[in-house]
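Accompanying notes for the structure given below.
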Amino acid sequence: MALCGGVGAMALPSELIVHIFSFLSDRDKLRASAVCSRWRECLFYPALWSELKLRIGGGNGASAEEYSRLEFLMRRFGAFVRELQLELAPGEVGSRALNNEPPSTRMDLPPAGPDNDPQPSERWGDAMDTYVDLALCVLSNIRNNRNLQKLRLYGDTCALQQEGLLNNSNFHQIHRKKMNEIQRLFRELLSHSRQLRWLSCSFMLGVVTPSSLACLSNPSSETLEHLSLLDHQLGALISAPELERLSSLHSLALDFSHLTSELCSLLASPRRAPLHRLSLLLNGSTLEVKSLDGTATDDDWKALVRVSANLRVYMMAVEVSSSELLRVLKPSLPLERIHLDSYSTLVTDATLELIAQQYNKTLTHFLLLRDDPEFPDLSVNRNEDPLVLLAWRCTQLAVLVIHGYTVWSHNLVAISRLRGSSLRVLTVSEESIDFDPDQLVYLEGDPVHNLVKEVSLGLGRVWHPCLDYSQVLTEPSQHFHRELHAFSMGM
């Protein structure tokens with residue numbers, strides 16, 4: 001219906017235009033701002049930008065256009081945004097892209113050539129320069145934000161760490177001043193905050209230090225409900241005195257080797273709010289410098305569960321031997337989700353049996369992934385397949401993901417029948433599935449078609465094996481970062 005006077009949308013009051021624009025996505029808001037000066041003025045009203053969710057980089061890293069867009073958004077809205085979720089990917093995403101994978105699993109890298117194939121050290125050096133500049137851009141614009149309630153930062157920087165840049169004295173010489181500035185800005189941000197409820201900084205190289213949390217303001221220490229500080233290389237980022245200040249925490253994420261008996265004892269204090277979600281990362285490659293000695297005992301877990309009766313734990317173990325896993329998996333640990341990921345390390349059938357026995361009442365998510373051309377059979381020399389036993393014993397199992405281990409077709413059918421429609425996600429890569437030649441003799445037709453039919457009947461819905469294993473094999477740190485947040489929010 002035409003508006004009086006025939007002037008169309010220009011006749012609408014600014015308040016109404018702002019309300020209409022509130023239904024647009026961030027991308028559409030930026031596009032609409034180019035229509036006219038009036039729309040641009042309305043679109044940059046602070047209330048429309050209380051929440052920003054951005055991912056900068058990927059593939060060959062952050063482009064100049066992406067950097068300019070980030071700089072513009074931070075300059076305009078960084079001082080008053082209430083929720084900021086930012087993922088920085090300065091270089092090629094993920095460590096798996098560095099291991100001679102087929103091109104289909106990479107992020108559209110350019111073809112090799114004399115003009116676009118720089119030396120690896122130069123390429124990763126440029127990526128590190130980009131990362132430092134991006135971090136400075138963000139932190140310098142949000143450091144004085146007193147309204148910030150949720151900060152979620154993730155640095156997709158595993159590839160930079162693998163290249164050994166952080167151990168290079170020349171790198172520290174070049175970036176020392178900027179890295180010191182980044183750390184100072186992060187401390188300022190924490191000290192200026194007044195109502196922070198969610199603080200997450202995962203694998204952001206050089207941002208968090210063991211002394212950062214001491215700068216958190218007293219008002220935010222009382223309102224903070226979620227804390228996640230993760231770094232592959234540093235020691236403990238959460239000390240006992242700082243954890244004691246955060247009495248309202250409902251969810252926490254940290255490196256397993258940093259969950260000491262002392263921290264567990266503090267979390268079990270009746271003077272604190274009960275802890276509901278605890279996410280733990282166990283990285284086998286760092287166990288030489290991050291010892292498991294002094295970590296939470298079974299008695300510590302019992303004491304914690306007595307105070308936090310609804311506590312559930314999500315654990316991700318990357319390249320961890322079965323002997324180390326057996327040390328970690330205490331009987332009283334209320335394990336709900338576990339993700340076992342490796343490149344070469346094998347998970348044994350004994351480990352799966354332990355998980356199935358100890359966590360049969362709590363386990364809902366089980367992910368077993370291995371990025372190796374060989375597919376070991378966990379059921380060798382056993383009458384019962386350990387994965388079938390796990391599906392039988394764990395009556396709450398809702399998500400099962402497998403790649404890198406042999407899964408016999410008849411066992412897959414058994415799993416689908418045992419759990420039925422309660423198994424919401426059953427993802428098994430096509431490469432992992434094998435068929436028993438003795439049983440093929442008695443089957444008519446295509447074995448894959450028969451398998452799909454039987455599993456679909458067992459689950460009560462249409463099912464297919466996963467044809468693209470790159471959808472299953474995500475970069476472990478990135479997966480943990482995203483999963484812990486969904487888990488911490490009860491999703």
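Going through the structure tokens in order, the chains are called A, B, and so on, while each chain numbers its residues from 1 and the ligands are numbered from 1 in the order shown.
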Name the residues in contact with Phe435 in chain A at a cut-off of 10 Å, using only C-alpha atoms, excluding same-chain residues fewer than 3 positions from it; report them as a compact mmCIF listing (two decimals) with all heavy atoms, in the first residue's frame.
# COMPACT_ATOMS: atom_id res chain seq x y z
N THR A 406 37.99 -50.07 10.96
CA THR A 406 37.10 -50.96 10.21
C THR A 406 35.82 -51.21 11.00
O THR A 406 35.85 -51.58 12.17
CB THR A 406 37.78 -52.30 9.92
OG1 THR A 406 38.91 -52.07 9.07
CG2 THR A 406 36.82 -53.27 9.23
N VAL A 407 34.70 -50.97 10.33
CA VAL A 407 33.39 -51.28 10.89
C VAL A 407 32.73 -52.30 9.98
O VAL A 407 32.43 -52.00 8.82
CB VAL A 407 32.51 -50.01 11.00
CG1 VAL A 407 31.17 -50.36 11.63
CG2 VAL A 407 33.21 -48.93 11.80
N TRP A 408 32.51 -53.51 10.49
CA TRP A 408 31.91 -54.56 9.67
C TRP A 408 30.42 -54.25 9.48
O TRP A 408 29.74 -53.78 10.38
CB TRP A 408 32.09 -55.92 10.31
CG TRP A 408 33.54 -56.33 10.36
CD1 TRP A 408 34.38 -56.26 11.41
CD2 TRP A 408 34.30 -56.83 9.26
NE1 TRP A 408 35.64 -56.69 11.06
CE2 TRP A 408 35.62 -57.06 9.73
CE3 TRP A 408 34.02 -57.13 7.93
CZ2 TRP A 408 36.64 -57.56 8.93
CZ3 TRP A 408 35.04 -57.64 7.12
CH2 TRP A 408 36.32 -57.84 7.62
N SER A 409 29.95 -54.52 8.28
CA SER A 409 28.58 -54.16 7.91
C SER A 409 27.55 -54.78 8.86
O SER A 409 26.59 -54.12 9.26
CB SER A 409 28.30 -54.57 6.47
OG SER A 409 28.48 -55.99 6.31
N HIS A 410 27.74 -56.06 9.23
CA HIS A 410 26.76 -56.70 10.10
C HIS A 410 26.77 -56.08 11.51
O HIS A 410 25.74 -56.04 12.18
CB HIS A 410 27.00 -58.22 10.18
CG HIS A 410 28.37 -58.60 10.65
ND1 HIS A 410 29.46 -58.63 9.80
CD2 HIS A 410 28.84 -58.94 11.88
CE1 HIS A 410 30.55 -59.00 10.49
NE2 HIS A 410 30.19 -59.19 11.75
N ASN A 411 27.93 -55.57 11.94
CA ASN A 411 27.98 -54.89 13.23
C ASN A 411 27.29 -53.53 13.16
O ASN A 411 26.68 -53.08 14.14
CB ASN A 411 29.43 -54.71 13.67
CG ASN A 411 30.09 -56.02 14.08
OD1 ASN A 411 29.41 -56.92 14.58
ND2 ASN A 411 31.39 -56.14 13.85
N ASP A 438 32.27 -64.21 4.09
CA ASP A 438 31.48 -65.41 4.37
C ASP A 438 29.98 -65.10 4.34
O ASP A 438 29.17 -65.95 3.94
CB ASP A 438 31.85 -65.97 5.75
CG ASP A 438 33.28 -66.49 5.78
OD1 ASP A 438 33.79 -66.87 4.69
OD2 ASP A 438 33.89 -66.52 6.86
N GLN A 439 29.61 -63.88 4.76
CA GLN A 439 28.20 -63.52 4.74
C GLN A 439 27.71 -63.09 3.36
O GLN A 439 26.54 -63.21 3.04
CB GLN A 439 27.94 -62.40 5.75
CG GLN A 439 28.13 -62.83 7.20
CD GLN A 439 27.58 -61.80 8.17
OE1 GLN A 439 27.03 -60.79 7.77
NE2 GLN A 439 27.74 -62.08 9.47
N LEU A 440 28.64 -62.59 2.53
CA LEU A 440 28.25 -62.15 1.19
C LEU A 440 27.72 -63.30 0.35
O LEU A 440 26.93 -63.10 -0.59
CB LEU A 440 29.45 -61.50 0.49
CG LEU A 440 29.88 -60.12 1.01
CD1 LEU A 440 31.12 -59.63 0.26
CD2 LEU A 440 28.75 -59.11 0.88
N PRO A 447 25.66 -55.44 -1.97
CA PRO A 447 25.82 -55.45 -0.51
C PRO A 447 25.65 -54.06 0.12
O PRO A 447 25.13 -53.94 1.22
CB PRO A 447 27.23 -55.99 -0.30
CG PRO A 447 27.94 -55.81 -1.61
CD PRO A 447 26.88 -55.93 -2.65
N VAL A 448 26.10 -53.02 -0.61
CA VAL A 448 25.95 -51.67 -0.07
C VAL A 448 24.47 -51.29 0.01
O VAL A 448 24.00 -50.72 1.01
CB VAL A 448 26.73 -50.65 -0.93
CG1 VAL A 448 26.48 -49.23 -0.44
CG2 VAL A 448 28.21 -50.97 -0.93
N LEU A 451 22.98 -53.03 2.93
CA LEU A 451 23.41 -52.41 4.19
C LEU A 451 22.60 -51.14 4.46
O LEU A 451 22.10 -50.94 5.57
CB LEU A 451 24.90 -52.07 4.14
CG LEU A 451 25.44 -51.26 5.33
CD1 LEU A 451 25.34 -52.07 6.61
CD2 LEU A 451 26.88 -50.82 5.07
inquiry  = Considering only alpha helix (DSSP H) as DSSP defines it on the backbone, what residues of range 129-377 of chain A qualify? List them as a PyMOL selection string.
reply    = chain A and resi 129-142+158-162+169-192+218-223+240-245+261-267+298-307+322-328+349-358
request  = Find the residues around Ser220 in chain A up to 7 Å (only C-alpha atoms counted), leave out those fewer than 5 positions away in its own chain, and share them as a list in words.
outcome  = Ser193, Arg194, Gln195 and Leu196 of chain A
Which residue of A:Arg143, A:Lys453, A:His403, A:Arg393 approaches Asp372 in chain A most closely, using only C-alpha atoms =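 Closest to Asp372 in chain A of all the choices is A:His403.
Using only C-alpha atoms for every distance, the candidate list A:His365, A:Arg370, A:Arg327, A:Arg419 yields A:Arg419 as the residue closest to Leu457 in chain A.
Interatomic distance, CA of Ser247 in chain A against CA of Arg272 in chain A: 4.8 Å.
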message = I'd like the contact shell of range 33-45 of chain A - 9 Å cut-off, only C-alpha atoms, skipping same-chain residues fewer than 5 positions apart - returned as a PyMOL selection string.
response = chain A and resi 10+14-15+17-18+21-22+28+76-77
key: Between CA of Ala253 in chain A and CA of Leu281 in chain A - distance in Å to one decimal   = 8.0 Å
ask   = If we count only C-alpha atoms, what is near range 265-267 of chain A at a cut-off of 9 Å, once residues fewer than 3 positions away on the same chain are taken out, given as a PyMOL selection string?
value = chain A and resi 240+243-244+247+260-262+270+272-275+300+303-304+307-308
Using only C-alpha atoms, tabulate the residues of range 300-350 of chain A lying at most 10 Å from any atom of range 467-489 of chain A, each with its closest atom pair and that distance in Å to one decimal, by chain and increasing residue number, as CSV.
residue,atom,partner,partner_atom,distance
A:Arg312,CA,A:Phe487,CA,9.3
A:Val313,CA,A:Phe487,CA,9.0
A:Tyr314,CA,A:Leu484,CA,7.4
A:Met315,CA,A:Phe480,CA,8.9
A:Met316,CA,A:Phe480,CA,7.0
A:Ala317,CA,A:Pro476,CA,9.2
A:Val318,CA,A:Pro476,CA,7.4
A:Glu336,CA,A:Phe487,CA,9.8
A:Arg337,CA,A:Phe487,CA,9.0
A:His339,CA,A:Phe480,CA,8.9
A:Leu340,CA,A:Pro476,CA,9.8
A:Asp341,CA,A:Pro476,CA,7.4
A:Ser342,CA,A:Pro476,CA,9.1
request  = Tell me which protein, DNA and RNA residues are within 8 Å of Asp26 in chain A, counting only C-alpha atoms, leaving out same-chain ones fewer than 3 positions away, and put them as a PyMOL selection string.
outcome  = chain A and resi 29-30+52
Resulting file, chosen residues, N, CA, C and O atoms, as a compact mmCIF listing (two decimals), in the first residue's frame:
# COMPACT_ATOMS: atom_id res chain seq x y z
N LYS A 29 22.51 -6.16 6.22
CA LYS A 29 22.56 -4.78 6.75
C LYS A 29 23.62 -3.96 6.03
O LYS A 29 23.39 -2.80 5.66
N LEU A 30 24.80 -4.56 5.84
CA LEU A 30 25.87 -3.84 5.16
C LEU A 30 25.50 -3.53 3.72
O LEU A 30 25.82 -2.46 3.19
N LEU A 52 27.88 -9.40 17.04
CA LEU A 52 28.68 -9.59 15.83
C LEU A 52 29.26 -10.99 15.83
O LEU A 52 29.89 -11.42 16.80
message = One decimal, in Å: what's the spacing between CA of Ala32 in chain A and CA of Gln85 in chain A?
response =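 One can read the CA of Ala32 in chain A to CA of Gln85 in chain A distance as 22.5 Å.
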Counting only C-alpha atoms, the option among A:Ile56, A:Val328, A:Ile238, A:Leu73 closest to Glu87 in chain A =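 Closest candidate: A:Ile56.
Of the listed residues (A:Ser432, A:Ser421, A:Ser321, A:Asn145), A:Ser432 comes nearest to Glu374 in chain A; the distances count only C-alpha atoms.
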